[in-house]
$ cat final_12.tsv   # TSV, C-alpha atoms
chain	number	residue	atom	x	y	z
F	1253	MET	CA	-76.97	-64.20	-10.20
F	1254	SER	CA	-73.24	-64.11	-9.82
F	1255	GLU	CA	-70.93	-62.25	-7.51
F	1256	PRO	CA	-68.24	-60.01	-9.03
F	1257	THR	CA	-65.39	-61.90	-10.59
F	1258	THR	CA	-62.12	-61.59	-8.72
F	1259	GLU	CA	-60.76	-59.48	-11.56
F	1260	ALA	CA	-63.79	-57.17	-11.76
F	1261	ALA	CA	-64.01	-56.73	-8.00
F	1262	GLY	CA	-60.26	-56.21	-7.77
F	1263	ASN	CA	-60.30	-53.55	-10.49
F	1264	LEU	CA	-63.09	-51.64	-8.77
F	1265	ALA	CA	-61.45	-51.89	-5.36
F	1266	ALA	CA	-58.09	-50.76	-6.76
F	1267	LEU	CA	-59.79	-47.67	-8.14
F	1268	GLY	CA	-61.28	-46.83	-4.75
F	1269	TRP	CA	-64.83	-47.71	-5.78
F	1270	GLN	CA	-67.24	-47.56	-2.87
F	1271	GLY	CA	-70.49	-48.08	-4.77
F	1272	GLU	CA	-70.95	-51.71	-3.87
F	1273	ASP	CA	-70.40	-50.91	-0.20
F	1274	LEU	CA	-73.00	-48.17	-0.47
F	1275	VAL	CA	-75.55	-50.45	-2.10
F	1276	ARG	CA	-74.95	-53.37	0.24
F	1277	GLY	CA	-74.81	-50.99	3.23
F	1278	TRP	CA	-77.58	-48.46	3.68
F	1279	VAL	CA	-79.62	-49.55	0.66
F	1280	GLY	CA	-79.51	-53.10	2.01
F	1281	GLN	CA	-80.89	-51.92	5.33
F	1282	VAL	CA	-83.95	-50.42	3.66
F	1283	ALA	CA	-84.37	-52.63	0.60
F	1284	PRO	CA	-82.34	-55.85	0.96
F	1285	THR	CA	-83.74	-57.47	-2.19
F	1286	LEU	CA	-82.86	-54.39	-4.25
F	1287	ALA	CA	-79.36	-54.35	-2.75
F	1288	ASN	CA	-78.88	-58.05	-3.46
F	1289	LYS	CA	-80.10	-57.84	-7.05
F	1290	THR	CA	-78.11	-54.69	-7.72
F	1291	GLY	CA	-75.01	-56.21	-6.21
F	1292	SER	CA	-75.19	-59.45	-8.13
F	1293	PHE	CA	-76.27	-57.99	-11.48
F	1294	VAL	CA	-74.46	-54.65	-11.64
F	1295	PHE	CA	-71.31	-55.46	-9.70
F	1296	GLY	CA	-71.27	-59.09	-10.78
F	1297	GLU	CA	-72.53	-59.62	-14.29
F	1298	LEU	CA	-72.18	-56.15	-15.82
F	1299	TYR	CA	-68.73	-55.42	-14.41
F	1300	SER	CA	-67.54	-58.82	-15.64
F	1301	LEU	CA	-68.24	-57.97	-19.29
F	1302	LYS	CA	-65.07	-57.49	-21.32
F	1303	THR	CA	-66.02	-55.80	-24.62
F	1304	LEU	CA	-65.88	-52.15	-23.52
F	1305	PRO	CA	-62.59	-50.87	-22.14
F	1306	PRO	CA	-63.09	-49.84	-18.49
F	1307	ARG	CA	-62.65	-46.12	-19.19
F	1308	TYR	CA	-65.48	-46.14	-21.72
F	1309	ARG	CA	-67.68	-48.28	-19.51
F	1310	GLU	CA	-67.25	-45.80	-16.67
F	1311	LEU	CA	-67.86	-42.83	-18.99
F	1312	LEU	CA	-71.04	-44.43	-20.28
F	1313	ILE	CA	-72.23	-45.14	-16.74
F	1314	ALA	CA	-71.35	-41.60	-15.61
F	1315	MET	CA	-73.24	-40.03	-18.50
F	1316	THR	CA	-76.26	-42.26	-17.93
F	1317	VAL	CA	-76.36	-41.51	-14.21
F	1318	ALA	CA	-75.90	-37.79	-14.93
F	1319	ALA	CA	-78.72	-37.89	-17.49
F	1320	SER	CA	-81.06	-39.44	-14.93
F	1321	GLY	CA	-80.44	-36.53	-12.58
F	1322	ALA	CA	-81.17	-38.86	-9.69
F	1323	PHE	CA	-77.72	-39.28	-8.14
F	1324	PRO	CA	-75.20	-36.53	-9.08
F	1325	GLN	CA	-72.49	-37.84	-6.74
F	1326	GLY	CA	-72.75	-41.24	-8.42
F	1327	ALA	CA	-72.03	-39.61	-11.77
F	1328	VAL	CA	-69.02	-37.82	-10.30
F	1329	GLU	CA	-67.66	-41.08	-8.89
F	1330	HIS	CA	-67.94	-42.75	-12.29
F	1331	PHE	CA	-66.30	-39.77	-14.03
F	1332	LYS	CA	-63.39	-40.09	-11.62
F	1333	LEU	CA	-63.16	-43.84	-12.23
F	1334	ALA	CA	-63.13	-43.23	-15.98
F	1335	MET	CA	-60.27	-40.74	-15.61
F	1336	GLN	CA	-58.37	-43.14	-13.35
F	1337	GLU	CA	-58.78	-45.73	-16.10
F	1338	GLY	CA	-57.13	-43.36	-18.58
F	1339	LEU	CA	-60.00	-41.35	-20.07
F	1340	SER	CA	-58.50	-38.26	-21.70
F	1341	ALA	CA	-59.68	-34.69	-21.19
F	1342	GLY	CA	-60.79	-34.65	-24.83
F	1343	GLU	CA	-62.87	-37.80	-24.40
F	1344	LEU	CA	-64.47	-36.35	-21.29
F	1345	ASP	CA	-65.19	-33.10	-23.12
F	1346	GLU	CA	-66.82	-34.97	-26.00
F	1347	GLY	CA	-68.86	-36.98	-23.51
F	1348	PHE	CA	-70.25	-33.78	-21.97
F	1349	ALA	CA	-71.14	-32.46	-25.45
F	1350	LEU	CA	-73.04	-35.67	-26.18
F	1351	LEU	CA	-74.72	-35.54	-22.79
F	1352	ALA	CA	-75.93	-32.02	-23.56
F	1353	ALA	CA	-77.30	-33.06	-26.94
F	1354	TYR	CA	-79.24	-36.04	-25.63
F	1355	ALA	CA	-80.08	-35.14	-22.01
F	1356	GLY	CA	-80.13	-31.35	-22.18
F	1357	PHE	CA	-77.69	-28.56	-21.58
F	1358	PRO	CA	-78.71	-27.95	-17.95
F	1359	THR	CA	-78.06	-31.62	-17.15
F	1360	ALA	CA	-74.63	-31.55	-18.81
F	1361	ILE	CA	-73.68	-28.26	-17.19
F	1362	ALA	CA	-74.76	-29.52	-13.76
F	1363	ALA	CA	-72.73	-32.73	-14.21
F	1364	ALA	CA	-69.66	-30.80	-15.38
F	1365	ARG	CA	-69.99	-28.43	-12.45
F	1366	ALA	CA	-70.33	-31.28	-9.95
F	1367	LEU	CA	-67.17	-32.86	-11.34
F	1368	GLN	CA	-65.33	-29.53	-11.28
F	1369	VAL	CA	-66.24	-28.94	-7.64
F	1370	GLU	CA	-65.14	-32.47	-6.68
F	1371	LEU	CA	-61.82	-32.15	-8.50
F	1372	LYS	CA	-61.16	-28.71	-7.00
F	1373	GLU	CA	-61.88	-30.01	-3.48
F	1374	ARG	CA	-59.43	-32.86	-4.04
F	1375	GLY	CA	-56.81	-30.54	-5.54
F	1376	ALA	CA	-56.83	-32.40	-8.85
$ encode --input "final_12.tsv" --output "structure tokens"
Amino acid sequence: MSEPTTEAAGNLAALGWQGEDLVRGWVGQVAPTLANKTGSFVFGELYSLKTLPPRYRELLIAMTVAASGAFPQGAVEHFKLAMQEGLSAGELDEGFALLAAYAGFPTAIAAARALQVELKERGA
């Protein structure tokens, strides 16, 4: 497995991404193999792919994480990264509509609310 490319790692760091630190930090203390595999595959191989523009990659990740219901703050972080990468309000709105259709309205509403709370707390 590979480590993140300089470009991929630099892009994530420039956007204030803390996910890799989280995985390699406390997850690594409890499940080091999981942390290592996640770090090399997700933050290495997947973030090095070039076909999807970063804003759509982050939107797709955010919607998938939101649909799982397992880690709401992770979804919020990816929504913020997508917006920092230039995702428009209309694209975000359409993403929530699709999330509702495929993962359920309560899931989409909860994700939208979590993002709203985060943005309000940050004054955005």
$ residues_near_point --input "final_12.tsv" --point "(-75.9, -27.0, -20.1)" --cutoff "12 Å" --atoms "all atoms listed in the file" --output "number ranges by chain"
F: 1318-1319, 1348-1365
$ atom_distance --input "final_12.tsv" --atom1 "atom CA of Ser1300 of chain F" --atom2 "atom CA of Glu1370 of chain F"
27.9 Å
$ atom_distance --input "final_12.tsv" --atom1 "atom CA of Pro1324 of chain F" --atom2 "atom CA of Ala1366 of chain F"
7.2 Å
$ residues_around --input "final_12.tsv" --residues "Thr1316 of chain F" --least-positions-apart "5" --cutoff "9 Å" --atoms "only C-alpha atoms" --output "list in words"
Leu1311, Gly1321, Ala1327 and Leu1351 of chain F
$ closest_residue --input "final_12.tsv" --among "F:Leu1301, F:Leu1367, F:Val1279, F:Ala1322" --to "Met1335 of chain F" --atoms "all atoms listed in the file"
F:Leu1367
$ axis_aligned_box --input "final_12.tsv" --around "segment 1304-1316 of chain F" --padding-each-side "8 Å" --output "JSON"
{"center_x": -69.4, "center_y": -46.1, "center_z": -19.6, "size_x": 29.7, "size_y": 28.1, "size_z": 23.9}
$ residues_around --input "final_12.tsv" --residues "Gly1338 of chain F" --least-positions-apart "5" --cutoff "9 Å" --atoms "only C-alpha atoms" --output "PDB file with C-alpha atoms, keeping the file's coordinate frame"
ATOM      1  CA  PRO F1306     -63.090 -49.840 -18.490  1.00  0.00           C
ATOM      2  CA  ARG F1307     -62.650 -46.120 -19.190  1.00  0.00           C
ATOM      3  CA  LEU F1333     -63.160 -43.840 -12.230  1.00  0.00           C
TER       4      LEU F1333
END
$ closest_residue --input "final_12.tsv" --among "F:Ala1334, F:Ala1287, F:Trp1278, F:Gln1325" --to "Leu1304 of chain F" --atoms "only C-alpha atoms"
F:Ala1334
$ closest_residue --input "final_12.tsv" --among "F:Ala1314, F:Tyr1299, F:Phe1293, F:Asp1345" --to "Phe1331 of chain F" --atoms "only C-alpha atoms"
F:Ala1314
$ atom_distance --input "final_12.tsv" --atom1 "atom CA of Lys1332 of chain F" --atom2 "atom CA of Ser1292 of chain F"
22.9 Å
$ closest_residue --input "final_12.tsv" --among "F:Leu1339, F:Met1315, F:Leu1344, F:Val1328" --to "Leu1371 of chain F" --atoms "only C-alpha atoms"
F:Val1328
